[in-house]
$ cat my_file.cif   # mmCIF, C-alpha atoms
data_run
loop_
_atom_site.label_atom_id
_atom_site.label_comp_id
_atom_site.auth_asym_id
_atom_site.auth_seq_id
_atom_site.Cartn_x
_atom_site.Cartn_y
_atom_site.Cartn_z
CA MET A 394 -86.46 29.79 -25.09
CA SER A 395 -82.98 28.28 -24.74
CA ALA A 396 -81.42 31.74 -24.95
CA LEU A 397 -83.76 32.94 -22.20
CA ARG A 398 -82.74 30.05 -19.98
CA ARG A 399 -79.08 30.62 -20.77
CA TYR A 400 -78.96 34.33 -20.10
CA GLY A 401 -81.97 34.81 -17.82
CA GLY A 402 -80.14 33.62 -14.71
CA SER A 403 -77.10 35.76 -15.48
CA ALA A 404 -79.22 38.84 -16.07
CA ALA A 405 -81.09 38.26 -12.81
CA ALA A 406 -77.82 37.87 -10.92
CA VAL A 407 -76.40 41.07 -12.43
CA LEU A 408 -79.61 42.95 -11.60
CA ALA A 409 -79.61 41.69 -8.01
CA ALA A 410 -75.94 42.57 -7.58
CA GLY A 411 -76.57 46.02 -9.02
CA LEU A 412 -79.41 46.63 -6.57
CA VAL A 413 -77.31 45.43 -3.63
CA PHE A 414 -74.44 47.78 -4.46
CA LEU A 415 -76.13 50.75 -6.13
CA VAL A 416 -79.10 51.28 -3.82
CA PRO A 417 -76.99 51.82 -0.66
CA PHE A 418 -74.59 54.04 -2.60
CA ALA A 419 -77.50 56.11 -3.92
CA PHE A 420 -78.82 56.46 -0.36
CA ILE A 421 -75.40 57.69 0.80
CA LEU A 422 -75.20 60.26 -2.00
CA LEU A 423 -78.73 61.56 -1.40
CA THR A 424 -78.19 61.90 2.34
CA ALA A 425 -74.83 63.63 1.81
CA VAL A 426 -76.41 66.52 -0.12
CA LYS A 427 -79.35 67.11 2.25
CA ASP A 428 -79.52 69.64 5.05
CA ARG A 429 -79.18 68.49 8.64
CA ARG A 430 -82.91 68.33 9.41
CA GLN A 431 -83.89 66.31 6.35
CA ALA A 432 -80.87 64.01 6.65
CA ALA A 433 -81.87 63.16 10.25
CA ARG A 434 -84.96 61.36 8.92
CA LEU A 435 -82.76 58.73 7.26
CA ASP A 436 -85.34 58.09 4.55
CA PHE A 437 -84.85 57.39 0.84
CA SER A 438 -86.28 60.69 -0.39
CA TRP A 439 -85.25 63.35 -2.88
CA PRO A 440 -83.52 66.34 -1.24
CA THR A 441 -85.62 69.50 -0.92
CA GLY A 442 -82.41 71.44 -1.49
CA PHE A 443 -78.87 70.51 -2.48
CA HIS A 444 -76.28 71.43 0.15
CA ALA A 445 -73.36 69.44 -1.19
CA TRP A 446 -70.85 72.31 -1.15
CA ASP A 447 -71.82 73.52 2.34
CA ASN A 448 -71.59 69.98 3.73
CA LEU A 449 -68.26 69.41 2.02
CA VAL A 450 -66.75 72.59 3.47
CA GLN A 451 -67.95 71.71 6.97
CA VAL A 452 -66.53 68.19 6.71
CA VAL A 453 -63.13 69.33 5.46
CA THR A 454 -62.75 72.15 8.00
CA ALA A 455 -64.15 70.27 10.99
CA ARG A 456 -61.88 70.00 14.06
CA ASN A 457 -59.06 72.02 12.55
CA TRP A 458 -58.97 70.31 9.13
CA MET A 459 -58.80 66.85 10.66
CA VAL A 460 -59.96 65.14 7.45
CA VAL A 461 -56.96 66.49 5.54
CA THR A 462 -54.60 65.22 8.24
CA ALA A 463 -56.37 61.87 8.19
CA PHE A 464 -55.95 61.50 4.43
CA VAL A 465 -52.23 62.23 4.77
CA ASN A 466 -51.88 59.66 7.59
CA SER A 467 -53.85 57.02 5.68
CA THR A 468 -51.73 57.59 2.58
CA ILE A 469 -48.47 57.20 4.53
CA LEU A 470 -49.83 54.10 6.28
CA THR A 471 -51.05 52.50 3.06
CA VAL A 472 -47.93 53.20 0.99
CA GLY A 473 -45.55 52.04 3.72
CA ALA A 474 -47.44 48.86 4.56
CA VAL A 475 -48.08 47.83 0.96
CA THR A 476 -44.43 48.40 0.00
CA LEU A 477 -43.28 46.06 2.78
CA LEU A 478 -45.98 43.53 1.92
CA VAL A 479 -44.87 43.36 -1.71
CA ILE A 480 -41.17 42.99 -0.89
CA LEU A 481 -41.50 40.58 2.04
CA GLY A 482 -44.35 38.58 0.54
CA ALA A 483 -42.52 38.05 -2.74
CA MET A 484 -39.22 37.14 -1.09
CA VAL A 485 -40.73 34.69 1.40
CA GLY A 486 -42.92 33.14 -1.29
CA PHE A 487 -39.89 32.70 -3.52
CA VAL A 488 -37.82 30.99 -0.81
CA LEU A 489 -40.66 28.70 0.27
CA GLN A 490 -41.34 27.65 -3.31
CA ARG A 491 -37.75 27.19 -4.47
CA ARG A 492 -36.02 25.80 -1.37
CA SER A 493 -37.10 22.87 0.76
CA THR A 494 -35.42 22.55 4.17
CA ARG A 495 -36.33 21.03 7.51
CA TRP A 496 -37.83 24.39 8.50
CA THR A 497 -40.18 24.60 5.52
CA GLY A 498 -42.99 22.70 7.24
CA LEU A 499 -42.81 24.94 10.31
CA VAL A 500 -42.80 28.10 8.20
CA ASN A 501 -45.80 26.87 6.20
CA PHE A 502 -47.63 26.18 9.47
CA LEU A 503 -46.88 29.68 10.73
CA VAL A 504 -48.08 31.22 7.46
CA LEU A 505 -51.37 29.33 7.66
CA ALA A 506 -51.67 30.17 11.35
CA GLY A 507 -51.37 33.83 10.42
CA LEU A 508 -54.51 33.44 8.31
CA MET A 509 -56.54 31.46 10.84
CA MET A 510 -55.62 32.88 14.23
CA PRO A 511 -57.50 36.01 15.37
CA PRO A 512 -55.39 39.02 16.36
CA ALA A 513 -54.60 39.38 20.07
CA VAL A 514 -55.15 43.06 20.75
CA VAL A 515 -53.99 43.41 24.37
CA PRO A 516 -50.68 41.48 23.99
CA THR A 517 -50.00 43.40 20.79
CA ILE A 518 -50.50 46.70 22.60
CA TRP A 519 -48.11 45.56 25.36
CA LEU A 520 -45.53 44.62 22.74
CA LEU A 521 -45.85 47.96 20.95
CA GLN A 522 -45.56 49.84 24.24
CA GLY A 523 -42.44 47.87 25.12
CA LEU A 524 -40.89 48.76 21.78
CA GLY A 525 -41.97 52.40 22.02
CA LEU A 526 -44.13 52.07 18.89
CA PHE A 527 -47.62 52.36 20.36
CA GLY A 528 -49.52 55.33 18.96
CA THR A 529 -47.12 55.83 16.04
CA LEU A 530 -47.71 55.47 12.32
CA HIS A 531 -44.68 53.25 11.77
CA GLY A 532 -45.89 50.98 14.57
CA LEU A 533 -49.25 50.60 12.83
CA VAL A 534 -47.44 49.95 9.55
CA LEU A 535 -45.80 46.91 11.16
CA ILE A 536 -49.18 45.77 12.52
CA GLU A 537 -50.78 45.96 9.07
CA VAL A 538 -47.86 44.05 7.56
CA ALA A 539 -48.14 41.34 10.20
CA TYR A 540 -51.89 40.93 9.68
CA HIS A 541 -51.79 40.80 5.86
CA LEU A 542 -48.45 39.13 5.14
CA SER A 543 -49.71 35.52 5.20
CA PHE A 544 -52.20 36.14 2.39
CA CYS A 545 -49.55 37.85 0.26
CA ILE A 546 -47.07 35.00 0.81
CA LEU A 547 -49.59 32.38 -0.33
CA LEU A 548 -50.52 34.45 -3.37
CA TYR A 549 -46.90 34.97 -4.42
CA ARG A 550 -45.94 31.36 -3.73
CA ALA A 551 -48.75 30.04 -5.93
CA PHE A 552 -47.69 32.34 -8.75
CA ILE A 553 -43.96 31.57 -8.45
CA ALA A 554 -44.80 27.88 -8.79
CA THR A 555 -45.77 28.59 -12.42
CA ILE A 556 -42.35 30.10 -13.24
CA PRO A 557 -39.92 27.47 -14.64
CA ARG A 558 -36.93 26.63 -12.46
CA GLU A 559 -34.77 26.69 -15.57
CA LEU A 560 -34.72 30.49 -15.33
CA ASP A 561 -33.12 30.26 -11.90
CA GLU A 562 -30.60 27.68 -13.10
CA ALA A 563 -29.65 29.77 -16.12
CA ALA A 564 -29.06 32.80 -13.89
CA ILE A 565 -26.92 30.70 -11.52
CA ILE A 566 -24.82 29.48 -14.45
CA ASP A 567 -24.29 33.10 -15.44
CA GLY A 568 -22.93 33.78 -11.97
CA ALA A 569 -25.92 35.53 -10.42
CA ARG A 570 -26.24 35.53 -6.64
CA PRO A 571 -29.55 34.67 -4.89
CA LEU A 572 -30.60 38.32 -4.44
CA ALA A 573 -29.76 39.08 -8.06
CA ILE A 574 -31.81 36.06 -9.18
CA PHE A 575 -34.79 37.31 -7.22
CA PHE A 576 -34.68 41.01 -8.10
CA ARG A 577 -33.50 40.73 -11.71
CA VAL A 578 -35.13 37.50 -12.89
CA ILE A 579 -38.10 36.58 -10.70
CA LEU A 580 -39.50 39.88 -9.45
CA PRO A 581 -40.13 41.38 -12.93
CA LEU A 582 -42.17 38.28 -13.81
CA LEU A 583 -44.37 38.80 -10.76
CA TRP A 584 -45.92 42.02 -12.05
CA PRO A 585 -49.48 40.63 -12.55
CA VAL A 586 -49.75 39.27 -9.02
CA THR A 587 -47.95 42.32 -7.62
CA VAL A 588 -50.61 44.61 -9.08
CA THR A 589 -53.26 42.44 -7.45
CA VAL A 590 -51.50 42.58 -4.09
CA ILE A 591 -51.05 46.35 -4.33
CA VAL A 592 -54.69 47.05 -5.17
CA VAL A 593 -56.32 44.59 -2.78
CA GLN A 594 -54.10 45.40 0.18
CA SER A 595 -54.20 49.15 -0.47
CA VAL A 596 -57.99 49.16 -0.33
CA ALA A 597 -58.04 46.92 2.76
CA ILE A 598 -55.50 49.02 4.69
CA PHE A 599 -56.93 52.37 3.58
CA ASN A 600 -60.40 51.28 4.74
CA ASP A 601 -59.17 49.69 7.96
CA PHE A 602 -61.10 50.95 10.97
CA VAL A 603 -60.34 48.54 13.81
CA ASN A 604 -56.53 48.60 13.85
CA PRO A 605 -56.15 52.41 13.89
CA LEU A 606 -58.83 52.54 16.59
CA TYR A 607 -56.86 50.13 18.80
CA TYR A 608 -53.25 50.99 18.04
CA LEU A 609 -53.26 54.64 16.93
CA PRO A 610 -54.96 56.86 19.52
CA GLY A 611 -54.93 60.63 19.26
CA ASN A 612 -56.41 63.14 16.84
CA LYS A 613 -53.07 63.91 15.20
CA ASN A 614 -52.77 60.23 14.18
CA ALA A 615 -56.34 59.84 12.95
CA THR A 616 -56.97 57.92 9.74
CA VAL A 617 -59.83 58.51 7.34
CA GLN A 618 -62.12 55.90 8.89
CA LEU A 619 -61.75 57.42 12.35
CA THR A 620 -62.96 60.81 11.10
CA LEU A 621 -66.47 59.34 11.11
CA TYR A 622 -66.46 60.01 14.85
CA ASN A 623 -66.23 63.75 14.12
CA PHE A 624 -69.92 63.93 13.32
CA GLN A 625 -71.33 61.52 15.91
CA SER A 626 -71.97 61.98 19.59
CA GLN A 627 -73.90 60.24 22.33
CA TYR A 628 -77.02 62.34 21.87
CA ASN A 629 -76.80 63.80 18.39
CA THR A 630 -75.41 62.91 14.97
CA SER A 631 -75.06 65.15 11.89
CA TYR A 632 -76.02 62.56 9.30
CA ASN A 633 -75.56 64.91 6.36
CA LEU A 634 -71.92 65.52 7.36
CA LEU A 635 -71.39 61.89 8.32
CA PHE A 636 -72.51 60.65 4.91
CA MET A 637 -70.53 63.36 3.11
CA ASP A 638 -67.45 62.11 4.95
CA ILE A 639 -68.31 58.56 3.84
CA VAL A 640 -68.47 59.77 0.24
CA LEU A 641 -65.00 61.35 0.53
CA ILE A 642 -63.58 58.17 2.05
CA THR A 643 -65.17 56.01 -0.64
CA ILE A 644 -63.80 57.93 -3.62
CA PRO A 645 -60.12 56.72 -3.58
CA PRO A 646 -60.91 52.95 -3.32
CA LEU A 647 -63.68 53.34 -5.88
CA LEU A 648 -61.33 54.97 -8.38
CA VAL A 649 -58.72 52.26 -7.80
CA PHE A 650 -61.20 49.51 -8.60
CA LEU A 651 -62.64 51.33 -11.61
CA PHE A 652 -59.27 51.88 -13.28
CA LEU A 653 -57.45 48.72 -12.17
CA ASN A 654 -60.25 46.17 -12.31
CA ARG A 655 -58.78 44.33 -15.31
CA GLN A 656 -55.33 44.16 -13.71
CA ILE A 657 -56.84 42.69 -10.53
CA VAL A 658 -58.63 39.93 -12.46
CA ALA A 659 -55.53 39.24 -14.56
CA GLY A 660 -53.34 38.91 -11.48
CA MET A 661 -55.77 36.57 -9.76
CA THR A 662 -56.08 34.26 -12.78
CA ALA A 663 -52.59 34.46 -14.29
CA GLY A 664 -51.22 31.58 -12.24
CA ALA A 665 -54.13 29.32 -13.14
CA VAL A 666 -53.81 30.13 -16.85
CA LYS A 667 -50.07 29.41 -16.87
CA GLY A 668 -50.59 26.20 -14.95
#

$ encode --input "my_file.cif" --output "structure tokens"
Amino acid sequence: MSALRRYGGSAAAVLAAGLVFLVPFAFILLTAVKDRRQAARLDFSWPTGFHAWDNLVQVVTARNWMVVTAFVNSTILTVGAVTLLVILGAMVGFVLQRRSTRWTGLVNFLVLAGLMMPPAVVPTIWLLQGLGLFGTLHGLVLIEVAYHLSFCILLYRAFIATIPRELDEAAIIDGARPLAIFFRVILPLLWPVTVTVIVVQSVAIFNDFVNPLYYLPGNKNATVQLTLYNFQSQYNTSYNLLFMDIVLITIPPLLVFLFLNRQIVAGMTAGAVKG
């Protein structure tokens, strides 16, 4: 009876979580392999025929291979933004943790404000237009960095707090300059939290729908999330193609979480364990 009480709640929670995540995913997969008429019913029924390959070909070739272009754009956007987030987040977190100046309080306030304040779309568009970056991939890279940098700084700063200052002092005695201390001593020790930042931010930026919609107009700049509009219109929607596109978009983040799940957990808990 005690074992039932101990594990019954956990088993119920796992079952409920499985239903919440697996049932919608099963609905997406079933709809993606149906023909257009059966998919339009939007019911949880077994397909009368499997049209996975036909739907896949139509999705990939739609609007002059727009999905392929979107995957390339999303990859460039994700790699560029995450690279800057890792470098800038680690460097700012290191300085805030190791050096205390009269500006530290203001910088901490700005970092927290970056987490709490909602993005201002119209002023941001004006700024990008003034800089000649509106509607460009590198402009959106800077937007993604600005929106996600505060979280990365806090994560890196908390982890750096667990690294002994004696390592910095030993490097200084050996004649190392500040940049050498960071890149040769501190940065290699940040690998667990860096993996977490890479995975979490990569999935968030790759799946971002709102920012590309606002700041990256034009079919040639489309990202994977915006390709969902290919199969929707005001009066008609091809749900079989729409859900097949959702399956294609879901595969990369799903693979990342499946193969890097342990590294994500380790990075999130490493600082607490060391502390």

$ residues_near_point --input "my_file.cif" --point "(-43.4, 53.0, 11.2)" --cutoff "12 Å" --atoms "all atoms listed in the file" --output "list of chain:residue names"
A:Asn466, A:Ile469, A:Leu470, A:Thr471, A:Val472, A:Gly473, A:Ala474, A:Leu477, A:Leu521, A:Leu524, A:Gly525, A:Leu526, A:Phe527, A:Gly528, A:Thr529, A:Leu530, A:His531, A:Gly532, A:Leu533, A:Val534, A:Leu535, A:Ile536, A:Glu537, A:Val538, A:Leu609

$ closest_residue --input "my_file.cif" --among "A:Trp446, A:Tyr608, A:Tyr632, A:Phe599" --to "Arg430 in chain A" --atoms "all atoms listed in the file"
A:Tyr632

$ resolve_selection --input "my_file.cif" --expression "the PyMOL selection byres ((chain A and resi 590) around 12)" --output "ChimeraX atom specification"
/A:474-483,541-549,552,583-589,591-598,653,656-661

$ resolve_selection --input "my_file.cif" --expression "the PyMOL selection byres ((chain A and resi 424) around 10)" --output "VMD selection string"
chain A and resid 418 to 423 425 to 429 431 to 440 443 to 445 632 to 637

$ resolve_selection --input "my_file.cif" --expression "the PyMOL selection byres ((chain A and resi 611) around 12)" --output "PyMOL selection string"
chain A and resi 459+462-463+527-530+605-610+612-616+619-620

$ write_last_selection --input "my_file.cif" --atoms "C-alpha atoms" --output "short mmCIF file (atom, residue, chain, number, x, y, z; two decimals), in the frame of the given file"
data_model
loop_
_atom_site.label_atom_id
_atom_site.label_comp_id
_atom_site.auth_asym_id
_atom_site.auth_seq_id
_atom_site.Cartn_x
_atom_site.Cartn_y
_atom_site.Cartn_z
CA MET A 459 -58.80 66.85 10.66
CA THR A 462 -54.60 65.22 8.24
CA ALA A 463 -56.37 61.87 8.19
CA PHE A 527 -47.62 52.36 20.36
CA GLY A 528 -49.52 55.33 18.96
CA THR A 529 -47.12 55.83 16.04
CA LEU A 530 -47.71 55.47 12.32
CA PRO A 605 -56.15 52.41 13.89
CA LEU A 606 -58.83 52.54 16.59
CA TYR A 607 -56.86 50.13 18.80
CA TYR A 608 -53.25 50.99 18.04
CA LEU A 609 -53.26 54.64 16.93
CA PRO A 610 -54.96 56.86 19.52
CA ASN A 612 -56.41 63.14 16.84
CA LYS A 613 -53.07 63.91 15.20
CA ASN A 614 -52.77 60.23 14.18
CA ALA A 615 -56.34 59.84 12.95
CA THR A 616 -56.97 57.92 9.74
CA LEU A 619 -61.75 57.42 12.35
CA THR A 620 -62.96 60.81 11.10
#

$ atom_distance --input "my_file.cif" --atom1 "CA of Val460 in chain A" --atom2 "CA of Ser631 in chain A"
15.7 Å

$ closest_residue --input "my_file.cif" --among "A:Val617, A:Ala409, A:Val649, A:Ala573" --to "Trp458 in chain A" --atoms "all atoms listed in the file"
A:Val617

$ atom_distance --input "my_file.cif" --atom1 "CA of Gly507 in chain A" --atom2 "CA of Gly486 in chain A"
14.5 Å

$ atom_distance --input "my_file.cif" --atom1 "CA of Ile642 in chain A" --atom2 "CA of Val465 in chain A"
12.4 Å

$ decode --input "my_file.cif" --residues "range 484-512 of chain A" --atoms "N, CA, C and O atoms" --output "tab-separated table (two decimals), in the first residue's frame"
chain	number	residue	atom	x	y	z
A	484	MET	N	30.47	36.58	-21.74
A	484	MET	CA	31.37	37.68	-21.41
A	484	MET	C	30.72	38.66	-20.43
A	484	MET	O	31.34	39.07	-19.44
A	485	VAL	N	29.47	39.02	-20.68
A	485	VAL	CA	28.79	39.96	-19.79
A	485	VAL	C	28.56	39.32	-18.42
A	485	VAL	O	28.75	39.96	-17.38
A	486	GLY	N	28.17	38.05	-18.40
A	486	GLY	CA	28.00	37.36	-17.12
A	486	GLY	C	29.29	37.28	-16.33
A	486	GLY	O	29.29	37.43	-15.09
A	487	PHE	N	30.40	37.08	-17.03
A	487	PHE	CA	31.70	37.02	-16.35
A	487	PHE	C	32.07	38.37	-15.74
A	487	PHE	O	32.51	38.45	-14.59
A	488	VAL	N	31.88	39.44	-16.49
A	488	VAL	CA	32.23	40.78	-15.98
A	488	VAL	C	31.33	41.16	-14.81
A	488	VAL	O	31.80	41.69	-13.79
A	489	LEU	N	30.03	40.90	-14.92
A	489	LEU	CA	29.11	41.26	-13.84
A	489	LEU	C	29.40	40.48	-12.57
A	489	LEU	O	29.22	41.00	-11.45
A	490	GLN	N	29.83	39.24	-12.71
A	490	GLN	CA	30.09	38.41	-11.54
A	490	GLN	C	31.44	38.72	-10.90
A	490	GLN	O	31.58	38.70	-9.68
A	491	ARG	N	32.44	39.05	-11.71
A	491	ARG	CA	33.79	39.20	-11.19
A	491	ARG	C	34.15	40.65	-10.83
A	491	ARG	O	35.02	40.87	-10.00
A	492	ARG	N	33.50	41.62	-11.44
A	492	ARG	CA	33.86	43.01	-11.20
A	492	ARG	C	32.64	43.78	-10.69
A	492	ARG	O	31.57	43.70	-11.27
A	493	SER	N	32.87	44.54	-9.65
A	493	SER	CA	31.81	45.37	-9.08
A	493	SER	C	32.21	46.84	-9.19
A	493	SER	O	33.20	47.27	-8.59
A	494	THR	N	31.47	47.60	-9.99
A	494	THR	CA	31.73	49.02	-10.18
A	494	THR	C	30.44	49.79	-9.89
A	494	THR	O	29.40	49.21	-9.57
A	495	ARG	N	30.51	51.10	-10.04
A	495	ARG	CA	29.33	51.92	-9.80
A	495	ARG	C	28.26	51.71	-10.87
A	495	ARG	O	27.11	52.13	-10.69
A	496	TRP	N	28.65	51.11	-12.00
A	496	TRP	CA	27.69	50.84	-13.06
A	496	TRP	C	27.04	49.48	-12.95
A	496	TRP	O	26.13	49.16	-13.71
A	497	THR	N	27.48	48.65	-12.01
A	497	THR	CA	26.97	47.29	-11.92
A	497	THR	C	25.48	47.27	-11.63
A	497	THR	O	24.72	46.49	-12.21
A	498	GLY	N	25.03	48.12	-10.70
A	498	GLY	CA	23.60	48.17	-10.37
A	498	GLY	C	22.76	48.54	-11.57
A	498	GLY	O	21.69	47.96	-11.80
A	499	LEU	N	23.21	49.52	-12.35
A	499	LEU	CA	22.46	49.93	-13.53
A	499	LEU	C	22.41	48.82	-14.57
A	499	LEU	O	21.35	48.56	-15.17
A	500	VAL	N	23.54	48.14	-14.77
A	500	VAL	CA	23.57	47.05	-15.74
A	500	VAL	C	22.66	45.91	-15.30
A	500	VAL	O	21.92	45.33	-16.11
A	501	ASN	N	22.66	45.58	-14.02
A	501	ASN	CA	21.76	44.55	-13.51
A	501	ASN	C	20.29	44.93	-13.73
A	501	ASN	O	19.46	44.08	-14.09
A	502	PHE	N	19.99	46.21	-13.52
A	502	PHE	CA	18.62	46.68	-13.76
A	502	PHE	C	18.24	46.53	-15.23
A	502	PHE	O	17.12	46.10	-15.56
A	503	LEU	N	19.15	46.87	-16.12
A	503	LEU	CA	18.86	46.76	-17.55
A	503	LEU	C	18.68	45.30	-17.97
A	503	LEU	O	17.84	44.98	-18.81
A	504	VAL	N	19.48	44.41	-17.37
A	504	VAL	CA	19.35	42.98	-17.69
A	504	VAL	C	17.98	42.47	-17.25
A	504	VAL	O	17.29	41.75	-18.00
A	505	LEU	N	17.57	42.81	-16.04
A	505	LEU	CA	16.25	42.40	-15.56
A	505	LEU	C	15.14	43.06	-16.37
A	505	LEU	O	14.10	42.43	-16.63
A	506	ALA	N	15.34	44.31	-16.76
A	506	ALA	CA	14.34	44.99	-17.57
A	506	ALA	C	14.17	44.29	-18.92
A	506	ALA	O	13.06	44.24	-19.47
A	507	GLY	N	15.27	43.74	-19.44
A	507	GLY	CA	15.18	43.00	-20.69
A	507	GLY	C	14.32	41.76	-20.59
A	507	GLY	O	13.77	41.30	-21.59
A	508	LEU	N	14.20	41.20	-19.39
A	508	LEU	CA	13.33	40.04	-19.19
A	508	LEU	C	11.87	40.43	-18.99
A	508	LEU	O	10.97	39.70	-19.38
A	509	MET	N	11.65	41.59	-18.35
A	509	MET	CA	10.29	41.95	-17.95
A	509	MET	C	9.56	42.83	-18.96
A	509	MET	O	8.34	42.74	-19.11
A	510	MET	N	10.29	43.68	-19.66
A	510	MET	CA	9.63	44.62	-20.57
A	510	MET	C	9.21	43.94	-21.87
A	510	MET	O	10.00	43.20	-22.46
A	511	PRO	N	8.00	44.16	-22.33
A	511	PRO	CA	7.57	43.58	-23.62
A	511	PRO	C	8.26	44.28	-24.78
A	511	PRO	O	8.63	45.46	-24.69
A	512	PRO	N	8.46	43.58	-25.88
A	512	PRO	CA	9.12	44.21	-27.03
A	512	PRO	C	8.24	45.27	-27.66
A	512	PRO	O	7.01	45.13	-27.76
